[in-house]
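**Student:** Structure provided below as structure tokens; questions to follow.
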Amino acid sequence: NKDPRAMARLAWEHRPKDVRRHQEKVARAEGLAFIAPVFWLGFPAILTGWFERVFTYGNAYALTSEGWAGNIKGRVGLLQHEKALVISTTLFSEEDYKAGLEAPMRQIVDDFGLRYPGVKRVEHIYFYRVPVVDDDTRRDYLKRAFDLGKGFAEPSGAGLAAA
């Protein structure tokens, strides 16, 4: 017999301890970094589940009256992070991603999953065809991942391009 706002408040008040710990870690972080393979044009289930448990109402977003009425424009981002870095390893080629596979990932992962909750800059890097590339390409990917991580850790964010 509760309305959606009361249910959301109840869920917030009774969220599991592990979710609270992760939400606290996210709140303390200056930036967010995710490295994961592409599964069905998104993150693997375990990382998708993490987002669903941690980026919740009251933590990653709130709703205005407009949002409670069912209008997406009424969703307000609560995250204050300057930057996020996403590195995705793929099975398919760069050409396949540029021809259409990258767009849904950008919309769901980058825009809705990170920018919409309030992350200001998101850089999404793809390492293409990882299972079938030659050793030199794989070494280049590892070096690039190291350099991206090192640049991302710089306080100025110099390692993160404006997205």
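Within each chain, counting starts at residue 1; across the structure tokens, chains are named A, B, ... in the order shown, with ligands numbered 1 upward in that order.
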Write out as an NGL selection string the residues lying within 10 Å of Arg115 (chain A), counting only C-alpha atoms and excluding same-chain residues fewer than 4 positions away.

**Tutor:** :A and (77 or 79 or 81 or 83-84 or 107-111 or 119-122)

**Student:** Restricting the output to N, CA and C atoms, write the selected residues as an mmCIF file, in the first residue's frame.

**Tutor:**
```
data_model
loop_
_atom_site.group_PDB
_atom_site.id
_atom_site.type_symbol
_atom_site.label_atom_id
_atom_site.label_comp_id
_atom_site.auth_asym_id
_atom_site.auth_seq_id
_atom_site.Cartn_x
_atom_site.Cartn_y
_atom_site.Cartn_z
ATOM 1 N N GLY A 77 20.881 13.900 -11.869
ATOM 2 C CA GLY A 77 22.119 13.217 -11.506
ATOM 3 C C GLY A 77 22.664 13.724 -10.184
ATOM 4 N N LEU A 79 25.807 12.276 -8.931
ATOM 5 C CA LEU A 79 27.247 12.052 -8.877
ATOM 6 C C LEU A 79 27.967 13.348 -9.238
ATOM 7 N N HIS A 81 31.461 13.411 -10.006
ATOM 8 C CA HIS A 81 32.783 13.050 -10.512
ATOM 9 C C HIS A 81 33.144 13.858 -11.749
ATOM 10 N N LYS A 83 35.434 12.820 -13.916
ATOM 11 C CA LYS A 83 35.811 11.987 -15.049
ATOM 12 C C LYS A 83 35.550 10.508 -14.790
ATOM 13 N N ALA A 84 35.400 9.802 -15.913
ATOM 14 C CA ALA A 84 35.322 8.341 -15.906
ATOM 15 C C ALA A 84 36.083 7.834 -17.121
ATOM 16 N N GLN A 107 25.419 5.182 -25.863
ATOM 17 C CA GLN A 107 24.157 5.653 -25.302
ATOM 18 C C GLN A 107 23.867 5.026 -23.936
ATOM 19 N N ILE A 108 24.028 3.722 -23.808
ATOM 20 C CA ILE A 108 23.677 3.042 -22.554
ATOM 21 C C ILE A 108 24.766 3.183 -21.503
ATOM 22 N N VAL A 109 26.005 2.836 -21.849
ATOM 23 C CA VAL A 109 27.086 2.833 -20.872
ATOM 24 C C VAL A 109 27.563 4.256 -20.559
ATOM 25 N N ASP A 110 27.953 4.993 -21.598
ATOM 26 C CA ASP A 110 28.577 6.297 -21.393
ATOM 27 C C ASP A 110 27.559 7.368 -20.989
ATOM 28 N N ASP A 111 26.515 7.513 -21.812
ATOM 29 C CA ASP A 111 25.565 8.599 -21.571
ATOM 30 C C ASP A 111 24.617 8.299 -20.406
ATOM 31 N N VAL A 119 28.511 12.298 -14.062
ATOM 32 C CA VAL A 119 29.930 12.303 -14.402
ATOM 33 C C VAL A 119 30.141 13.280 -15.560
ATOM 34 N N LYS A 120 31.062 14.201 -15.375
ATOM 35 C CA LYS A 120 31.225 15.289 -16.346
ATOM 36 C C LYS A 120 31.912 14.870 -17.644
ATOM 37 N N ARG A 121 32.984 14.086 -17.553
ATOM 38 C CA ARG A 121 33.715 13.674 -18.757
ATOM 39 C C ARG A 121 33.867 12.160 -18.757
ATOM 40 N N VAL A 122 33.507 11.544 -19.868
ATOM 41 C CA VAL A 122 33.621 10.094 -20.009
ATOM 42 C C VAL A 122 34.448 9.809 -21.255
#
```

**Student:** Please build the interface table for region 37-148 of chain A against region 17-27 of chain A with a cut-off of 10 Å, listing for each qualifying residue the nearest atom pair and the distance in Å to one decimal; count only C-alpha atoms, order rows by chain and increasing number, and write it as JSON lines.

**Tutor:**
```
{"residue": "A:Trp50", "atom": "CA", "partner": "A:Val19", "partner_atom": "CA", "distance": 8.6}
{"residue": "A:Arg53", "atom": "CA", "partner": "A:Val19", "partner_atom": "CA", "distance": 6.5}
{"residue": "A:Val54", "atom": "CA", "partner": "A:Gln23", "partner_atom": "CA", "distance": 5.8}
{"residue": "A:Phe55", "atom": "CA", "partner": "A:Gln23", "partner_atom": "CA", "distance": 7.6}
{"residue": "A:Thr56", "atom": "CA", "partner": "A:Gln23", "partner_atom": "CA", "distance": 9.1}
{"residue": "A:Asn59", "atom": "CA", "partner": "A:Gln23", "partner_atom": "CA", "distance": 7.2}
{"residue": "A:Ala60", "atom": "CA", "partner": "A:Gln23", "partner_atom": "CA", "distance": 8.8}
{"residue": "A:Leu78", "atom": "CA", "partner": "A:Ala27", "partner_atom": "CA", "distance": 9.9}
{"residue": "A:Leu79", "atom": "CA", "partner": "A:Ala27", "partner_atom": "CA", "distance": 7.6}
{"residue": "A:Gln80", "atom": "CA", "partner": "A:Ala27", "partner_atom": "CA", "distance": 8.2}
{"residue": "A:His81", "atom": "CA", "partner": "A:Ala27", "partner_atom": "CA", "distance": 8.4}
```

**Student:** Go ahead and save the residues from that selection, with all heavy atoms, as an mmCIF file, in the first residue's frame.

**Tutor:**
```
data_model
loop_
_atom_site.group_PDB
_atom_site.id
_atom_site.type_symbol
_atom_site.label_atom_id
_atom_site.label_comp_id
_atom_site.auth_asym_id
_atom_site.auth_seq_id
_atom_site.Cartn_x
_atom_site.Cartn_y
_atom_site.Cartn_z
ATOM 1 N N TRP A 50 26.355 -4.724 -10.648
ATOM 2 C CA TRP A 50 26.971 -3.763 -9.722
ATOM 3 C C TRP A 50 26.357 -2.381 -9.946
ATOM 4 O O TRP A 50 25.982 -1.703 -8.996
ATOM 5 C CB TRP A 50 28.489 -3.740 -9.925
ATOM 6 C CG TRP A 50 29.186 -2.786 -9.012
ATOM 7 C CD1 TRP A 50 29.641 -3.051 -7.758
ATOM 8 C CD2 TRP A 50 29.499 -1.417 -9.269
ATOM 9 N NE1 TRP A 50 30.221 -1.920 -7.215
ATOM 10 C CE2 TRP A 50 30.137 -0.904 -8.125
ATOM 11 C CE3 TRP A 50 29.289 -0.563 -10.354
ATOM 12 C CZ2 TRP A 50 30.588 0.408 -8.041
ATOM 13 C CZ3 TRP A 50 29.721 0.748 -10.268
ATOM 14 C CH2 TRP A 50 30.365 1.217 -9.126
ATOM 15 N N ARG A 53 22.860 -2.192 -8.536
ATOM 16 C CA ARG A 53 22.799 -2.189 -7.064
ATOM 17 C C ARG A 53 23.380 -0.904 -6.471
ATOM 18 O O ARG A 53 22.928 -0.448 -5.427
ATOM 19 C CB ARG A 53 23.562 -3.393 -6.506
ATOM 20 C CG ARG A 53 22.899 -4.712 -6.871
ATOM 21 C CD ARG A 53 23.626 -5.892 -6.275
ATOM 22 N NE ARG A 53 23.261 -5.989 -4.847
ATOM 23 C CZ ARG A 53 24.104 -6.309 -3.893
ATOM 24 N NH1 ARG A 53 25.368 -6.555 -4.163
ATOM 25 N NH2 ARG A 53 23.691 -6.397 -2.654
ATOM 26 N N VAL A 54 24.415 -0.344 -7.107
ATOM 27 C CA VAL A 54 25.143 0.779 -6.516
ATOM 28 C C VAL A 54 24.663 2.130 -7.048
ATOM 29 O O VAL A 54 24.530 3.091 -6.285
ATOM 30 C CB VAL A 54 26.663 0.599 -6.720
ATOM 31 C CG1 VAL A 54 27.445 1.803 -6.214
ATOM 32 C CG2 VAL A 54 27.139 -0.681 -6.018
ATOM 33 N N PHE A 55 24.389 2.256 -8.313
ATOM 34 C CA PHE A 55 23.949 3.526 -8.904
ATOM 35 C C PHE A 55 22.424 3.623 -8.788
ATOM 36 O O PHE A 55 21.701 3.627 -9.772
ATOM 37 C CB PHE A 55 24.385 3.615 -10.361
ATOM 38 C CG PHE A 55 25.814 4.028 -10.561
ATOM 39 C CD1 PHE A 55 26.814 3.618 -9.701
ATOM 40 C CD2 PHE A 55 26.166 4.830 -11.625
ATOM 41 C CE1 PHE A 55 28.132 3.999 -9.898
ATOM 42 C CE2 PHE A 55 27.474 5.221 -11.832
ATOM 43 C CZ PHE A 55 28.465 4.803 -10.959
ATOM 44 N N THR A 56 21.951 3.719 -7.573
ATOM 45 C CA THR A 56 20.518 3.659 -7.296
ATOM 46 C C THR A 56 19.918 5.028 -7.030
ATOM 47 O O THR A 56 20.625 6.022 -6.839
ATOM 48 C CB THR A 56 20.264 2.774 -6.059
ATOM 49 O OG1 THR A 56 20.980 3.329 -4.950
ATOM 50 C CG2 THR A 56 20.688 1.344 -6.307
ATOM 51 N N ASN A 59 21.269 7.740 -4.555
ATOM 52 C CA ASN A 59 22.727 7.725 -4.571
ATOM 53 C C ASN A 59 23.258 8.303 -5.882
ATOM 54 O O ASN A 59 24.032 9.234 -5.861
ATOM 55 C CB ASN A 59 23.253 6.308 -4.376
ATOM 56 C CG ASN A 59 24.756 6.269 -4.380
ATOM 57 O OD1 ASN A 59 25.397 6.840 -3.510
ATOM 58 N ND2 ASN A 59 25.337 5.627 -5.370
ATOM 59 N N ALA A 60 22.855 7.760 -6.996
ATOM 60 C CA ALA A 60 23.340 8.228 -8.291
ATOM 61 C C ALA A 60 22.360 9.195 -8.957
ATOM 62 O O ALA A 60 22.754 9.974 -9.813
ATOM 63 C CB ALA A 60 23.606 7.051 -9.220
ATOM 64 N N LEU A 78 23.151 12.813 -9.363
ATOM 65 C CA LEU A 78 23.709 13.174 -8.057
ATOM 66 C C LEU A 78 25.219 12.967 -7.959
ATOM 67 O O LEU A 78 25.833 13.419 -7.001
ATOM 68 C CB LEU A 78 23.026 12.360 -6.947
ATOM 69 C CG LEU A 78 21.525 12.564 -6.787
ATOM 70 C CD1 LEU A 78 20.988 11.648 -5.694
ATOM 71 C CD2 LEU A 78 21.206 14.024 -6.484
ATOM 72 N N LEU A 79 25.807 12.276 -8.931
ATOM 73 C CA LEU A 79 27.247 12.052 -8.877
ATOM 74 C C LEU A 79 27.967 13.348 -9.238
ATOM 75 O O LEU A 79 27.502 14.115 -10.074
ATOM 76 C CB LEU A 79 27.667 10.933 -9.829
ATOM 77 C CG LEU A 79 27.041 9.561 -9.570
ATOM 78 C CD1 LEU A 79 27.583 8.550 -10.572
ATOM 79 C CD2 LEU A 79 27.304 9.098 -8.144
ATOM 80 N N GLN A 80 29.109 13.569 -8.616
ATOM 81 C CA GLN A 80 29.862 14.808 -8.822
ATOM 82 C C GLN A 80 31.253 14.557 -9.410
ATOM 83 O O GLN A 80 32.117 15.413 -9.320
ATOM 84 C CB GLN A 80 30.009 15.537 -7.471
ATOM 85 C CG GLN A 80 28.705 15.888 -6.812
ATOM 86 C CD GLN A 80 27.904 16.883 -7.626
ATOM 87 O OE1 GLN A 80 28.445 17.865 -8.126
ATOM 88 N NE2 GLN A 80 26.614 16.638 -7.776
ATOM 89 N N HIS A 81 31.461 13.411 -10.006
ATOM 90 C CA HIS A 81 32.783 13.050 -10.512
ATOM 91 C C HIS A 81 33.144 13.858 -11.749
ATOM 92 O O HIS A 81 32.295 14.082 -12.615
ATOM 93 C CB HIS A 81 32.832 11.553 -10.821
ATOM 94 C CG HIS A 81 32.580 10.712 -9.619
ATOM 95 N ND1 HIS A 81 31.309 10.434 -9.177
ATOM 96 C CD2 HIS A 81 33.425 10.119 -8.751
ATOM 97 C CE1 HIS A 81 31.386 9.697 -8.088
ATOM 98 N NE2 HIS A 81 32.664 9.499 -7.802
#
```

**Student:** Just the residues within 9 Å of Ala33 (chain A), please, counting only C-alpha atoms, with nothing from its chain fewer than 4 positions along; format it as a PyMOL selection string.

**Tutor:** chain A and resi 83-87+149+152

**Student:** Rounded to one decimal in Å, what is the spacing between CA of Ser93 (chain A) and CA of Phe127 (chain A)?

**Tutor:**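 One can read the CA of Ser93 (chain A) to CA of Phe127 (chain A) distance as 9.0 Å.
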
**Student:** Can you build me a table of region 18-105 of chain A residues sitting at most 12 Å from region 130-136 of chain A, with the closest atom pair per residue and its distance in Å to one decimal, using only C-alpha atoms, sorted by chain and residue number, as a Markdown table?

**Tutor:**
```
| residue | atom | partner | partner_atom | distance |
| --- | --- | --- | --- | --- |
| A:Ala36 | CA | A:Val130 | CA | 11.9 |
| A:Pro37 | CA | A:Val130 | CA | 9.3 |
| A:Val38 | CA | A:Val130 | CA | 10.8 |
| A:Ser88 | CA | A:Val130 | CA | 9.9 |
| A:Thr89 | CA | A:Val130 | CA | 6.2 |
| A:Thr90 | CA | A:Val130 | CA | 6.0 |
| A:Leu91 | CA | A:Val130 | CA | 6.0 |
| A:Phe92 | CA | A:Val130 | CA | 8.2 |
| A:Ser93 | CA | A:Val130 | CA | 9.1 |
| A:Glu94 | CA | A:Val130 | CA | 10.9 |
```

**Student:** Suppose you want the space between CA of Lys150 (chain A) and CA of Arg28 (chain A); what is it in Å?

**Tutor:**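 Taking CA of Lys150 (chain A) as the start and CA of Arg28 (chain A) as the end point, the length is 19.2 Å.
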
**Student:** So that I can check the secondary structure, give me every residue of chain A assigned alpha helix (DSSP H) by backbone DSSP, as a PyMOL selection string.

**Tutor:** chain A and resi 4-13+17-28+45-54+65-68+94-96+102-105+135-153

**Student:** How would you write, as a CSV table (one decimal) with N, CA and C atoms, in the first residue's frame, the set of residues in chain A that DSSP gives as strand (DSSP E or B)?

**Tutor:**
```
chain,number,residue,atom,x,y,z
A,31,GLY,N,37.5,10.0,-9.5
A,31,GLY,CA,37.1,9.6,-10.8
A,31,GLY,C,36.7,8.1,-10.8
A,32,LEU,N,36.1,7.6,-11.9
A,32,LEU,CA,35.7,6.2,-11.9
A,32,LEU,C,36.3,5.6,-13.2
A,33,ALA,N,36.8,4.4,-13.0
A,33,ALA,CA,37.4,3.6,-14.1
A,33,ALA,C,36.9,2.2,-14.2
A,34,PHE,N,36.5,1.8,-15.4
A,34,PHE,CA,36.0,0.5,-15.6
A,34,PHE,C,36.7,-0.2,-16.7
A,35,ILE,N,37.2,-1.4,-16.5
A,35,ILE,CA,37.8,-2.2,-17.6
A,35,ILE,C,37.1,-3.5,-17.6
A,36,ALA,N,36.5,-3.8,-18.8
A,36,ALA,CA,35.6,-5.0,-18.9
A,36,ALA,C,35.5,-5.4,-20.4
A,37,PRO,N,35.3,-6.6,-20.6
A,37,PRO,CA,35.0,-7.0,-22.0
A,37,PRO,C,33.5,-6.6,-22.4
A,39,PHE,N,30.0,-7.5,-23.6
A,39,PHE,CA,29.0,-8.6,-23.6
A,39,PHE,C,27.7,-8.1,-24.1
A,42,GLY,N,27.3,-4.3,-24.0
A,42,GLY,CA,27.3,-3.7,-22.7
A,42,GLY,C,28.3,-4.3,-21.8
A,57,TYR,N,18.6,5.0,-7.0
A,57,TYR,CA,17.9,6.2,-6.5
A,57,TYR,C,18.4,6.6,-5.2
A,61,TYR,N,21.1,9.1,-8.6
A,61,TYR,CA,20.1,10.0,-9.2
A,61,TYR,C,19.0,10.3,-8.2
A,62,ALA,N,18.2,11.3,-8.5
A,62,ALA,CA,17.0,11.6,-7.7
A,62,ALA,C,15.9,11.9,-8.8
A,63,LEU,N,14.7,12.0,-8.4
A,63,LEU,CA,13.6,12.3,-9.3
A,63,LEU,C,12.9,13.6,-8.8
A,75,ARG,N,14.7,13.2,-14.1
A,75,ARG,CA,15.8,12.5,-13.4
A,75,ARG,C,16.9,13.5,-13.2
A,76,VAL,N,17.5,13.5,-12.0
A,76,VAL,CA,18.5,14.5,-11.6
A,76,VAL,C,19.8,13.7,-11.2
A,77,GLY,N,20.9,13.9,-11.9
A,77,GLY,CA,22.1,13.2,-11.5
A,77,GLY,C,22.7,13.7,-10.2
A,83,LYS,N,35.4,12.8,-13.9
A,83,LYS,CA,35.8,12.0,-15.0
A,83,LYS,C,35.6,10.5,-14.8
A,84,ALA,N,35.4,9.8,-15.9
A,84,ALA,CA,35.3,8.3,-15.9
A,84,ALA,C,36.1,7.8,-17.1
A,85,LEU,N,36.7,6.7,-16.9
A,85,LEU,CA,37.5,6.1,-18.0
A,85,LEU,C,36.9,4.7,-18.1
A,86,VAL,N,36.5,4.3,-19.3
A,86,VAL,CA,36.0,3.0,-19.6
A,86,VAL,C,36.8,2.3,-20.7
A,87,ILE,N,37.4,1.2,-20.4
A,87,ILE,CA,38.2,0.4,-21.4
A,87,ILE,C,37.4,-0.9,-21.6
A,88,SER,N,37.0,-1.1,-22.9
A,88,SER,CA,36.3,-2.3,-23.3
A,88,SER,C,37.1,-3.1,-24.3
A,89,THR,N,37.3,-4.4,-24.0
A,89,THR,CA,37.9,-5.3,-24.9
A,89,THR,C,36.8,-5.9,-25.7
A,121,ARG,N,33.0,14.1,-17.6
A,121,ARG,CA,33.7,13.7,-18.8
A,121,ARG,C,33.9,12.2,-18.8
A,122,VAL,N,33.5,11.5,-19.9
A,122,VAL,CA,33.6,10.1,-20.0
A,122,VAL,C,34.4,9.8,-21.3
A,123,GLU,N,35.5,9.0,-21.1
A,123,GLU,CA,36.3,8.6,-22.2
A,123,GLU,C,36.1,7.1,-22.3
A,124,HIS,N,35.7,6.6,-23.5
A,124,HIS,CA,35.5,5.1,-23.7
A,124,HIS,C,36.5,4.7,-24.7
A,125,ILE,N,37.4,3.8,-24.4
A,125,ILE,CA,38.4,3.3,-25.3
A,125,ILE,C,38.1,1.8,-25.6
A,126,TYR,N,38.2,1.5,-26.8
A,126,TYR,CA,38.0,0.1,-27.2
A,126,TYR,C,39.3,-0.6,-27.6
A,127,PHE,N,39.6,-1.8,-27.2
A,127,PHE,CA,40.7,-2.6,-27.7
A,127,PHE,C,40.0,-3.7,-28.5
```

**Student:** My list of candidates is A:Phe43, A:Glu102, A:Arg129, A:Trp68. Which is closest to Ala8 (chain A) when distances are computed with only C-alpha atoms?

**Tutor:**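 So, comparing all the options, the nearest one is A:Trp68.
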
**Student:** Grab the CA of Ala103 (chain A) to CA of Lys143 (chain A) distance for me, in Å with one decimal place.

**Tutor:**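 Those two atoms sit 26.0 Å apart.
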